[in-house]
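Have a look at run32.cif below; it lists mmCIF, C-alpha atoms and all ligand atoms.
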```cif
data_model
loop_
_atom_site.label_atom_id
_atom_site.label_comp_id
_atom_site.auth_asym_id
_atom_site.auth_seq_id
_atom_site.Cartn_x
_atom_site.Cartn_y
_atom_site.Cartn_z
CA MET B 150 7.99 5.27 14.95
CA SER B 151 5.53 3.89 17.53
CA GLY B 152 2.28 2.11 16.65
CA ARG B 153 0.37 5.10 17.98
CA GLY B 154 2.42 7.50 15.84
CA ARG B 155 1.66 5.45 12.74
CA ALA B 156 -2.05 5.20 13.56
CA ARG B 157 -2.17 8.97 13.97
CA GLY B 158 -0.16 9.26 10.77
CA VAL B 159 -3.05 7.60 8.89
CA LEU B 160 -5.64 10.26 9.70
CA LEU B 161 -3.23 13.18 9.75
CA GLY B 162 -1.67 12.05 6.46
CA LEU B 163 -5.15 11.81 4.95
CA ALA B 164 -6.19 15.27 6.15
CA LEU B 165 -2.88 16.85 5.21
CA GLY B 166 -2.99 15.38 1.70
CA ASP B 167 -6.56 16.54 1.27
CA ALA B 168 -5.91 20.08 2.56
CA LEU B 169 -2.64 20.56 0.66
CA GLY B 170 -4.07 19.11 -2.55
CA ALA B 171 -7.41 20.93 -2.45
CA PRO B 172 -6.41 24.21 -4.16
CA PHE B 173 -5.05 22.28 -7.15
CA GLU B 174 -7.95 19.85 -7.73
CA GLY B 175 -8.64 19.58 -11.46
CA ARG B 176 -5.34 21.08 -12.66
CA SER B 177 -3.53 18.97 -15.23
CA ARG B 178 -0.16 19.45 -13.53
CA VAL B 179 1.18 21.04 -10.33
CA THR B 180 4.77 22.24 -10.16
CA GLY B 181 6.99 22.08 -7.07
CA VAL B 182 7.19 25.87 -7.12
CA GLN B 183 3.40 26.21 -6.98
CA LEU B 184 3.13 23.68 -4.20
CA ASP B 185 5.97 25.19 -2.14
CA ALA B 186 4.40 28.63 -2.46
CA TRP B 187 1.12 27.28 -1.08
CA ILE B 188 2.82 25.38 1.75
CA ASP B 189 4.94 28.40 2.67
CA ALA B 190 2.00 30.80 2.60
CA GLY B 191 1.17 29.73 6.15
CA GLU B 192 -2.61 29.59 5.61
CA PRO B 193 -4.80 27.36 7.80
CA LEU B 194 -4.99 23.91 6.21
CA ARG B 195 -8.68 23.22 5.68
CA TRP B 196 -9.75 19.91 4.26
CA THR B 197 -12.61 18.96 1.93
CA ASP B 198 -15.26 16.23 1.57
CA ASP B 199 -12.55 13.53 1.64
CA THR B 200 -11.63 14.14 5.28
CA HIS B 201 -15.15 15.28 6.19
CA MET B 202 -16.52 11.86 5.19
CA ALA B 203 -13.56 9.97 6.73
CA LEU B 204 -14.08 11.82 10.01
CA THR B 205 -17.78 10.92 9.97
CA LEU B 206 -16.92 7.27 9.29
CA ALA B 207 -14.31 7.29 12.07
CA ARG B 208 -16.81 8.71 14.60
CA HIS B 209 -19.39 6.10 13.54
CA LEU B 210 -16.88 3.22 13.85
CA VAL B 211 -16.24 4.08 17.50
CA ASP B 212 -19.77 2.87 18.33
CA ASP B 213 -20.35 0.42 15.45
CA PRO B 214 -16.95 -1.16 14.62
CA GLU B 215 -18.53 -4.06 12.68
CA LEU B 216 -20.68 -1.66 10.63
CA ASP B 217 -23.80 -3.58 11.60
CA ASP B 218 -25.90 -0.51 10.87
CA PRO B 219 -25.02 0.96 7.44
CA GLN B 220 -28.27 2.96 7.45
CA ALA B 221 -27.04 4.77 10.56
CA LEU B 222 -23.69 5.39 8.87
CA GLY B 223 -25.50 6.83 5.86
CA GLY B 224 -27.57 9.02 8.16
CA ALA B 225 -24.36 10.34 9.73
CA PHE B 226 -22.94 11.13 6.25
CA ALA B 227 -26.16 12.92 5.31
CA ARG B 228 -26.21 15.00 8.52
CA ALA B 229 -22.54 15.95 8.10
CA TYR B 230 -23.25 17.03 4.51
CA ALA B 231 -26.30 19.06 5.58
CA LEU B 232 -24.16 20.94 8.10
CA GLU B 233 -21.24 21.63 5.73
CA PRO B 234 -22.35 21.22 2.09
CA TRP B 235 -19.57 23.60 0.99
CA ARG B 236 -16.82 21.00 1.50
CA GLY B 237 -16.66 20.22 -2.24
CA TYR B 238 -18.70 16.99 -2.45
CA GLY B 239 -19.05 14.94 -5.61
CA ALA B 240 -22.47 15.00 -7.27
CA GLY B 241 -23.48 11.46 -6.26
CA PRO B 242 -23.63 11.45 -2.43
CA PRO B 243 -26.02 14.45 -2.13
CA GLN B 244 -28.32 12.75 -4.66
CA VAL B 245 -28.30 9.63 -2.49
CA PHE B 246 -29.08 11.69 0.62
CA ALA B 247 -32.04 13.31 -1.17
CA MET B 248 -33.45 9.94 -2.29
CA VAL B 249 -33.10 8.52 1.22
CA ALA B 250 -35.00 11.52 2.58
CA GLN B 251 -37.85 10.38 0.29
CA GLY B 252 -37.86 6.92 1.87
CA MET B 253 -35.29 4.74 0.02
CA SER B 254 -32.52 2.80 1.76
CA PHE B 255 -28.98 4.09 1.19
CA GLU B 256 -27.85 1.09 -0.85
CA GLU B 257 -31.00 1.14 -2.95
CA ALA B 258 -30.58 4.87 -3.63
CA ALA B 259 -26.85 4.50 -4.39
CA GLY B 260 -27.68 1.72 -6.86
CA THR B 261 -29.85 4.04 -8.94
CA LEU B 262 -27.01 6.50 -9.66
CA PHE B 263 -25.64 6.82 -13.19
CA GLY B 264 -28.45 4.95 -14.89
CA GLY B 265 -28.32 2.12 -12.37
CA ALA B 266 -24.57 1.44 -12.78
CA GLY B 267 -23.77 2.98 -9.40
CA SER B 268 -20.90 5.39 -8.85
CA PHE B 269 -17.38 4.35 -9.81
CA GLY B 270 -16.05 7.55 -8.23
CA ASN B 271 -13.34 7.51 -5.59
CA GLY B 272 -15.63 8.72 -2.79
CA ALA B 273 -15.68 5.36 -1.00
CA ALA B 274 -11.89 4.94 -1.25
CA MET B 275 -11.07 8.50 -0.16
CA ARG B 276 -12.92 8.05 3.17
CA VAL B 277 -12.11 4.42 4.02
CA ALA B 278 -8.85 4.98 5.97
CA PRO B 279 -10.45 4.66 9.45
CA VAL B 280 -11.41 1.06 8.56
CA GLY B 281 -7.72 0.26 8.07
CA LEU B 282 -7.03 1.46 11.62
CA LEU B 283 -9.27 -1.12 13.23
CA PRO B 284 -7.40 -4.12 14.69
CA ALA B 285 -10.02 -6.32 12.94
CA ALA B 286 -8.73 -5.08 9.57
CA ILE B 287 -5.53 -7.12 10.01
CA ASP B 288 -7.69 -9.95 8.63
CA PRO B 289 -7.92 -8.97 4.92
CA ARG B 290 -11.38 -10.56 4.57
CA ARG B 291 -12.73 -8.46 7.42
CA ALA B 292 -11.07 -5.35 6.01
CA ALA B 293 -12.68 -6.09 2.64
CA ARG B 294 -16.12 -6.63 4.17
CA LEU B 295 -15.97 -3.40 6.18
CA ALA B 296 -14.63 -1.43 3.20
CA GLU B 297 -17.49 -2.74 1.06
CA VAL B 298 -20.21 -2.09 3.64
CA GLN B 299 -19.14 1.55 4.08
CA ALA B 300 -18.79 1.93 0.29
CA ARG B 301 -22.28 0.65 -0.57
CA VAL B 302 -23.90 3.47 1.37
CA THR B 303 -23.13 5.75 -1.60
CA HIS B 304 -21.01 3.74 -4.10
CA THR B 305 -22.24 0.38 -5.42
CA HIS B 306 -20.07 0.06 -8.55
CA PRO B 307 -17.49 -2.78 -8.22
CA GLU B 308 -14.59 -0.46 -9.10
CA ALA B 309 -15.49 1.95 -6.28
CA ILE B 310 -15.66 -1.00 -3.88
CA ASP B 311 -12.34 -2.43 -5.16
CA GLY B 312 -10.67 0.94 -4.65
CA ALA B 313 -11.92 1.19 -1.07
CA THR B 314 -10.92 -2.41 -0.35
CA VAL B 315 -7.36 -1.92 -1.53
CA ILE B 316 -6.83 1.28 0.45
CA ALA B 317 -8.20 -0.30 3.66
CA GLN B 318 -6.12 -3.47 3.24
CA VAL B 319 -2.92 -1.59 2.42
CA ILE B 320 -3.30 0.66 5.48
CA ALA B 321 -3.97 -2.33 7.75
CA GLY B 322 -1.07 -4.29 6.21
CA LEU B 323 1.35 -1.38 6.59
CA LEU B 324 0.34 -0.76 10.21
CA ASP B 325 1.03 -4.42 10.90
CA LEU B 326 4.64 -4.29 9.61
CA ASP B 327 7.39 -4.46 12.23
CA LYS B 328 10.05 -3.33 9.78
CA VAL B 329 9.02 -0.87 7.11
CA ASP B 330 11.08 -0.63 3.94
CA ALA B 331 10.42 -0.33 0.22
CA ASP B 332 10.24 -4.10 -0.36
CA ALA B 333 7.80 -4.61 2.49
CA ILE B 334 5.55 -1.86 1.14
CA VAL B 335 5.54 -3.48 -2.32
CA ARG B 336 4.63 -6.83 -0.74
CA VAL B 337 1.69 -5.29 1.13
CA VAL B 338 0.39 -3.55 -2.02
CA SER B 339 0.85 -6.65 -4.20
CA ALA B 340 -0.98 -8.84 -1.70
CA ALA B 341 -3.93 -6.43 -1.58
CA ALA B 342 -4.07 -6.19 -5.39
CA SER B 343 -3.93 -9.97 -5.79
CA ARG B 344 -6.99 -10.42 -3.54
CA LEU B 345 -9.18 -8.34 -5.88
CA SER B 346 -11.31 -9.93 -8.57
CA GLU B 347 -10.25 -9.41 -12.17
CA GLY B 348 -10.98 -5.84 -13.27
CA PRO B 349 -9.49 -2.42 -14.01
CA VAL B 350 -8.42 -1.63 -10.43
CA ARG B 351 -6.49 -4.90 -10.11
CA ASP B 352 -5.00 -4.66 -13.62
CA ARG B 353 -3.77 -1.11 -13.10
CA LEU B 354 -2.37 -1.78 -9.64
CA THR B 355 -0.46 -4.75 -10.99
CA GLY B 356 0.88 -2.52 -13.76
CA VAL B 357 1.93 0.18 -11.27
CA VAL B 358 3.83 -2.32 -9.13
CA ASP B 359 5.54 -3.87 -12.18
CA VAL B 360 6.66 -0.56 -13.66
CA LEU B 361 7.92 0.89 -10.38
CA ALA B 362 9.65 -2.35 -9.37
CA SER B 363 11.62 -2.24 -12.63
CA GLY B 364 12.83 1.31 -12.02
CA GLY B 365 10.07 3.34 -13.70
CA GLU B 366 9.00 6.74 -12.42
CA PRO B 367 5.65 7.23 -10.63
CA ALA B 368 4.66 10.00 -13.05
CA MET B 369 5.18 7.56 -15.95
CA VAL B 370 2.63 5.04 -14.65
CA VAL B 371 0.22 7.77 -13.75
CA GLY B 372 0.42 9.02 -17.34
CA ARG B 373 -0.94 5.63 -18.40
CA CYS B 374 -3.56 5.09 -15.67
CA GLY B 375 -4.89 8.63 -15.34
CA THR B 376 -5.53 10.88 -12.35
CA GLY B 377 -9.29 11.40 -12.62
CA VAL B 378 -12.08 11.04 -10.11
CA ALA B 379 -12.76 7.38 -11.07
CA ALA B 380 -11.50 4.98 -8.41
CA ALA B 381 -9.80 2.96 -11.17
CA GLU B 382 -7.61 6.01 -11.95
CA SER B 383 -7.01 7.75 -8.65
CA VAL B 384 -6.45 4.69 -6.45
CA PRO B 385 -3.57 3.36 -8.63
CA ALA B 386 -2.21 6.93 -8.75
CA ALA B 387 -2.17 7.11 -4.94
CA ILE B 388 -0.39 3.75 -4.80
CA ALA B 389 2.15 5.02 -7.35
CA ALA B 390 2.89 8.01 -5.09
CA LEU B 391 3.34 5.67 -2.11
CA LEU B 392 5.67 3.37 -4.05
CA GLY B 393 7.61 6.38 -5.33
CA GLY B 394 9.17 6.49 -1.88
CA GLY B 395 9.94 9.00 0.84
CA ASP B 396 8.22 9.99 4.05
CA ALA B 397 4.56 10.99 4.34
CA LEU B 398 5.07 14.60 3.28
CA ARG B 399 7.13 13.57 0.26
CA VAL B 400 4.48 11.03 -0.79
CA VAL B 401 1.77 13.68 -0.47
CA THR B 402 3.70 16.21 -2.57
CA THR B 403 4.43 13.54 -5.20
CA ALA B 404 0.70 12.78 -5.35
CA ILE B 405 -0.28 16.43 -5.77
CA GLY B 406 2.35 16.84 -8.48
CA PHE B 407 0.48 14.28 -10.62
CA GLY B 408 -2.36 16.78 -11.07
CA GLY B 409 -5.98 15.72 -11.63
CA ASP B 410 -7.94 14.80 -8.51
CA THR B 411 -5.13 16.16 -6.34
CA ASP B 412 -6.89 16.42 -2.98
CA THR B 413 -8.16 12.87 -3.20
CA ILE B 414 -5.04 11.20 -4.60
CA ALA B 415 -2.97 12.98 -1.94
CA ALA B 416 -5.47 12.10 0.81
CA MET B 417 -5.32 8.38 -0.03
CA ALA B 418 -1.53 8.47 -0.53
CA GLY B 419 -1.06 10.45 2.71
CA ALA B 420 -3.12 7.96 4.71
CA MET B 421 -1.07 5.01 3.39
CA ALA B 422 2.27 6.80 3.83
CA GLY B 423 1.22 7.79 7.36
CA ALA B 424 0.58 4.10 8.10
CA ALA B 425 4.08 3.27 6.87
CA TRP B 426 6.13 6.14 8.22
CA GLY B 427 3.93 7.85 10.78
CA LEU B 428 4.73 11.48 11.42
CA GLU B 429 8.46 11.00 10.95
CA ARG B 430 9.94 14.16 9.47
CA MET B 431 6.47 15.71 9.27
CA PRO B 432 7.07 19.39 10.08
CA GLY B 433 5.31 20.33 13.33
CA PRO B 434 4.33 23.81 12.11
CA LEU B 435 2.53 22.24 9.15
CA LEU B 436 0.53 19.91 11.41
CA ASP B 437 -0.28 22.84 13.70
CA ARG B 438 -2.08 24.49 10.78
CA LEU B 439 -4.21 21.40 10.10
CA GLU B 440 -7.94 21.71 10.78
CA ALA B 441 -9.22 19.47 13.60
CA ARG B 442 -5.82 17.91 14.27
CA ALA B 443 -6.64 17.07 17.90
CA GLU B 444 -9.84 15.23 17.01
CA LEU B 445 -8.13 13.30 14.22
CA GLU B 446 -5.44 12.18 16.67
CA ARG B 447 -8.00 11.20 19.31
CA LEU B 448 -10.01 9.13 16.81
CA ALA B 449 -6.86 7.42 15.51
CA ASP B 450 -5.91 6.47 19.08
CA THR B 451 -9.40 5.20 19.87
CA LEU B 452 -9.95 3.14 16.72
CA SER B 453 -6.50 1.55 16.70
CA CYS B 454 -6.80 0.45 20.34
CA ARG B 455 -10.22 -1.20 20.10
N1 LIG G 501 -16.40 17.08 -6.19
C1 LIG G 501 -15.17 17.23 -6.18
N2 LIG G 501 -14.56 18.17 -6.93
C2 LIG G 501 -15.29 19.06 -7.79
C3 LIG G 501 -15.24 20.51 -7.38
C4 LIG G 501 -14.79 20.80 -6.02
C5 LIG G 501 -14.57 22.30 -5.88
N3 LIG G 501 -13.21 22.53 -5.51
C6 LIG G 501 -15.53 22.85 -4.88
O1 LIG G 501 -15.07 23.26 -3.80
O2 LIG G 501 -16.72 22.92 -5.13
N4 LIG G 501 -14.35 16.48 -5.40
C7 LIG G 501 -14.80 15.44 -4.58
O3 LIG G 501 -15.50 14.49 -5.40
C8 LIG G 501 -14.69 13.30 -5.58
C9 LIG G 501 -15.42 12.16 -4.92
O4 LIG G 501 -16.59 11.97 -5.64
P1 LIG G 501 -17.63 10.85 -5.28
O5 LIG G 501 -17.99 10.98 -3.86
O6 LIG G 501 -17.14 9.54 -5.75
O7 LIG G 501 -18.86 11.37 -6.15
P2 LIG G 501 -19.65 10.75 -7.39
O8 LIG G 501 -20.51 11.83 -7.91
O9 LIG G 501 -20.30 9.50 -6.96
O10 LIG G 501 -18.53 10.35 -8.46
C10 LIG G 501 -17.71 11.36 -8.99
C11 LIG G 501 -17.95 11.57 -10.48
O11 LIG G 501 -17.48 10.45 -11.22
C12 LIG G 501 -18.29 10.29 -12.40
N5 LIG G 501 -18.94 8.96 -12.31
C13 LIG G 501 -19.02 8.15 -11.24
N6 LIG G 501 -19.64 7.01 -11.54
C14 LIG G 501 -20.00 7.07 -12.82
C15 LIG G 501 -20.66 6.19 -13.70
N7 LIG G 501 -21.10 4.96 -13.32
N8 LIG G 501 -20.83 6.58 -14.99
C16 LIG G 501 -20.38 7.80 -15.41
N9 LIG G 501 -19.72 8.69 -14.60
C17 LIG G 501 -19.53 8.33 -13.33
C18 LIG G 501 -19.32 11.41 -12.37
O12 LIG G 501 -18.84 12.51 -13.07
C19 LIG G 501 -19.40 11.70 -10.87
O13 LIG G 501 -19.94 12.95 -10.53
C20 LIG G 501 -13.38 13.58 -4.95
O14 LIG G 501 -12.49 14.09 -5.91
C21 LIG G 501 -13.69 14.64 -3.93
O15 LIG G 501 -12.57 15.43 -3.64
MG MG G 502 -12.37 16.67 -1.94
MG MG G 503 -11.00 15.24 -5.03
#
```
Do you think you could lay out the structure here as structure tokens?
Ligand code: F2R
Ligand code: MG
Ligand code: MG
Amino acid sequence: MSGRGRARGVLLGLALGDALGAPFEGRSRVTGVQLDAWIDAGEPLRWTDDTHMALTLARHLVDDPELDDPQALGGAFARAYALEPWRGYGAGPPQVFAMVAQGMSFEEAAGTLFGGAGSFGNGAAMRVAPVGLLPAAIDPRRAARLAEVQARVTHTHPEAIDGATVIAQVIAGLLDLDKVDADAIVRVVSAAASRLSEGPVRDRLTGVVDVLASGGEPAMVVGRCGTGVAAAESVPAAIAALLGGGDALRVVTTAIGFGGDTDTIAAMAGAMAGAAWGLERMPGPLLDRLEARAELERLADTLSCR
């Protein structure tokens, strides 16, 4: 698969995971029969806040690839939300947008959420994939800085930032591989986990890698880590789906099968699997049903060639 195919795979994998997972968000378990019935129904594949925010970030990065202006990024998120508030946003970002409208900075407003703890939700990780596409993200420190800057606009809790950092670094590391195989993917994930500070995201990722490397099933690790909206649950779950193996569609369906925050786990898993495998074996008719496919492809081409 060409570099361009894998770059496109990042944003299409994200959007496909989001759209396919959306109807099941919050269910404790999703069976293969339920998922096949939804895939075969032939409905348009509309995505949710996950892709909506990622698309906004991707458009912003075209003009501000170093994220020198996080206030402008926040403004773009707020405008996108105002136009399409029905995309299924978490509670936190709209609260931030309202506080900013009263005169606060984005980071200041985000820092007041949840009694001043900041959000540990997966909102910063679910949208970070375009950062991983940037050639600059091959340097893990630059990937981490960009992931953190875009996170802090709405998510200041260290676990939300860790989750975004890992997803961005894994995507960049996978895109940089000449030869993709299971061992190489484990090495990329392990390297990203080892760069995090001590904390729940690092601990759980290390556990996921250990269990899967010794023959455990993805669903087994997810049973221990959880599949909720917290970055410390859903990011390790997405990594477990990736390490479970298979092409991008298989990884996405594995992620949805875990249940819980299905659109978001599948969006993050789909973006990473797309970076590894591109659109290989991705059924064309499925992609043809995907909302805004052409713009996602154009942005992937633009960001990855900067
Ligand atoms: N919002 C949803 N799903 C709910 C219903 C969608 C429905 N299908 C519909 O169409 O209406 N999904 C989306 O939200 C998640 C991303 O959330 P984000 O952006 O991180 O939001 P937030 O509010 O910051 O965090 C999410 C929740 O986590 C809990 N939480 C976070 N930090 C906390 C803290 N420090 N202390 C206690 N709780 C904390 C809160 O319950 C937050 O509301 C994705 O799933 C996306 O798909
Ligand atoms: Mg969503
Ligand atoms: Mg979700």
I'd like a table as CSV: residues in region 160-221 of chain B with an atom no more than 12 Å from region 318-337 of chain B, each row giving the shortest atom pair and its distance in Å to one decimal, only C-alpha atoms counted, sorted by chain and rising residue number.
```
residue,atom,partner,partner_atom,distance
B:Leu160,CA,B:Ile320,CA,10.7
B:Gly162,CA,B:Ile320,CA,11.5
B:Leu163,CA,B:Ile320,CA,11.3
```
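Excluding region 269-279 of chain B itself and same-chain residues fewer than 3 positions from it, the residues having an atom within 6 Å of it are Asp199, Met202, Ala203, Ala207, Leu282, Ala300, His306, Glu308, Ala309, Gly312, Ala313, Ala317, Val378, Ala379, Ala380 and Met417 of chain B, counting only C-alpha atoms.
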Suppose you want the space between CA of Arg155 (chain B) and CA of Val211 (chain B); what is it in Å?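 These atoms are spaced 18.6 Å apart.
Taking CA of Gly175 (chain B) and atom C3 of ligand LIG 501 (chain G) as the two end points, the separation is 7.8 Å.
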Tell me, in Å to one decimal, how far CA of Ala156 (chain B) is from CA of Cys454 (chain B).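 Atom-to-atom, CA of Ala156 (chain B) to CA of Cys454 (chain B), that is 9.5 Å.
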Counting all atoms listed in the file, which of B:Trp187, B:Tyr238, B:Phe407, B:Phe263 gets nearest to ligand MG 503 (chain G)?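 Counting all atoms listed in the file, the residue closest to ligand MG 503 (chain G) is B:Tyr238.
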Between region 247-330 of chain B and region 213-217 of chain B, at 8 Å or less, what are the per-residue closest atom pairs and their distances in Å? Count only C-alpha atoms, order by chain and rising residue number, and return it as a Markdown table.
```
| residue | atom | partner | partner_atom | distance |
| --- | --- | --- | --- | --- |
| B:Leu283 | CA | B:Pro214 | CA | 7.8 |
| B:Leu295 | CA | B:Leu216 | CA | 6.7 |
| B:Val298 | CA | B:Leu216 | CA | 7.0 |
| B:Gln299 | CA | B:Leu216 | CA | 7.5 |
```
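Distances here use only C-alpha atoms; by that measure, the residue among B:Gly237, B:Gly377, B:Pro172, B:Pro193 closest to Arg442 (chain B) is B:Pro193.
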Which is closer to ligand LIG 501 (chain G) than all the others in B:Val371, B:Val245, B:Val358, B:Ile188, using all atoms listed in the file?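 Of all the options, B:Val245 lies closest to ligand LIG 501 (chain G).
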Which residue of B:Ala227, B:Leu206, B:Val315, B:Ala387 approaches Ala293 (chain B) most closely, using only C-alpha atoms: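 Ranking B:Ala227, B:Leu206, B:Val315, B:Ala387 by distance to Ala293 (chain B), first place goes to B:Val315.
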Once you count all atoms listed in the file, what closest atom pair and distance in Å to one decimal does each residue of chain B within 9 Å of ligand MG 502 (chain G) have, with rows by chain and rising residue number, as a Markdown table?
```
| residue | atom | partner | partner_atom | distance |
| --- | --- | --- | --- | --- |
| B:Asp167 | CA | G:MG502 | MG | 6.6 |
| B:Ala168 | CA | G:MG502 | MG | 8.6 |
| B:Gly170 | CA | G:MG502 | MG | 8.7 |
| B:Ala171 | CA | G:MG502 | MG | 6.6 |
| B:Glu174 | CA | G:MG502 | MG | 7.9 |
| B:Trp196 | CA | G:MG502 | MG | 7.5 |
| B:Thr197 | CA | G:MG502 | MG | 4.5 |
| B:Asp198 | CA | G:MG502 | MG | 4.6 |
| B:Asp199 | CA | G:MG502 | MG | 4.8 |
| B:Thr200 | CA | G:MG502 | MG | 7.7 |
| B:His201 | CA | G:MG502 | MG | 8.7 |
| B:Arg236 | CA | G:MG502 | MG | 7.1 |
| B:Gly237 | CA | G:MG502 | MG | 5.6 |
| B:Tyr238 | CA | G:MG502 | MG | 6.4 |
| B:Gly239 | CA | G:MG502 | MG | 7.8 |
| B:Gly272 | CA | G:MG502 | MG | 8.6 |
| B:Met275 | CA | G:MG502 | MG | 8.5 |
| B:Asp410 | CA | G:MG502 | MG | 8.1 |
| B:Thr411 | CA | G:MG502 | MG | 8.5 |
| B:Asp412 | CA | G:MG502 | MG | 5.6 |
| B:Thr413 | CA | G:MG502 | MG | 5.8 |
| B:Ala416 | CA | G:MG502 | MG | 8.7 |
```
Of the candidates B:Ala422, B:Cys374, B:Val179, B:Ala368, which shows the shortest atom-to-atom distance to Thr355 (chain B), using only C-alpha atoms?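 Residue with the minimum atom-to-atom distance to Thr355 (chain B): B:Cys374.
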Measuring atom to atom with all atoms listed in the file, identify which of B:Leu354, B:Ala443, B:Ala404, B:Ala340 is nearest to ligand MG 503 (chain G).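 Among the listed residues, B:Ala404 lies closest to ligand MG 503 (chain G).
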Please provide as a PDB file with C-alpha atoms, keeping the file's coordinate frame all residues within 7 Å of Asp311 (chain B), with the sequence filter that same-chain residues fewer than 4 positions apart are discarded (counting all atoms listed in the file).
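File selection_8.pdb, as written:
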```
ATOM      1  CA  PRO B 307     -17.490  -2.780  -8.220  1.00  0.00           C
ATOM      2  CA  VAL B 315      -7.360  -1.920  -1.530  1.00  0.00           C
ATOM      3  CA  LEU B 345      -9.180  -8.340  -5.880  1.00  0.00           C
ATOM      4  CA  VAL B 350      -8.420  -1.630 -10.430  1.00  0.00           C
TER       5      VAL B 350
END
```
For ligand LIG 501 (chain G), take all atoms listed in the file, fit an axis-aligned box around them, add 5 Å to each of the six sides, then output centre and edge lengths in Å rounded to one decimal, as lines of an AutoDock Vina configuration file.
```
center_x = -16.8
center_y = 14.1
center_z = -9.5
size_x = 18.6
size_y = 28.3
size_z = 21.8
```
I want to know what sits within 9 Å of Ala441 (chain B), based on all atoms listed in the file, with residues of the same chain fewer than 4 positions away left out; could you give that as a ChimeraX atom specification? /B:195,445-446
Store the residues picked out above in a file with C-alpha atoms, as an mmCIF file, in the frame of the given file.
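Final output, again36.cif:
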```cif
data_model
loop_
_atom_site.group_PDB
_atom_site.id
_atom_site.type_symbol
_atom_site.label_atom_id
_atom_site.label_comp_id
_atom_site.auth_asym_id
_atom_site.auth_seq_id
_atom_site.Cartn_x
_atom_site.Cartn_y
_atom_site.Cartn_z
ATOM 1 C CA ARG B 195 -8.680 23.220 5.680
ATOM 2 C CA LEU B 445 -8.130 13.300 14.220
ATOM 3 C CA GLU B 446 -5.440 12.180 16.670
#
```
For Thr303 (chain B), please output as a list in words all residues within 8 Å (counting only C-alpha atoms; exclusion window: fewer than 6 positions along the same chain). Gly223, Gly241, Pro242, Val245, Phe255, Glu256, Ala258, Ala259, Ser268 and Ala273 of chain B
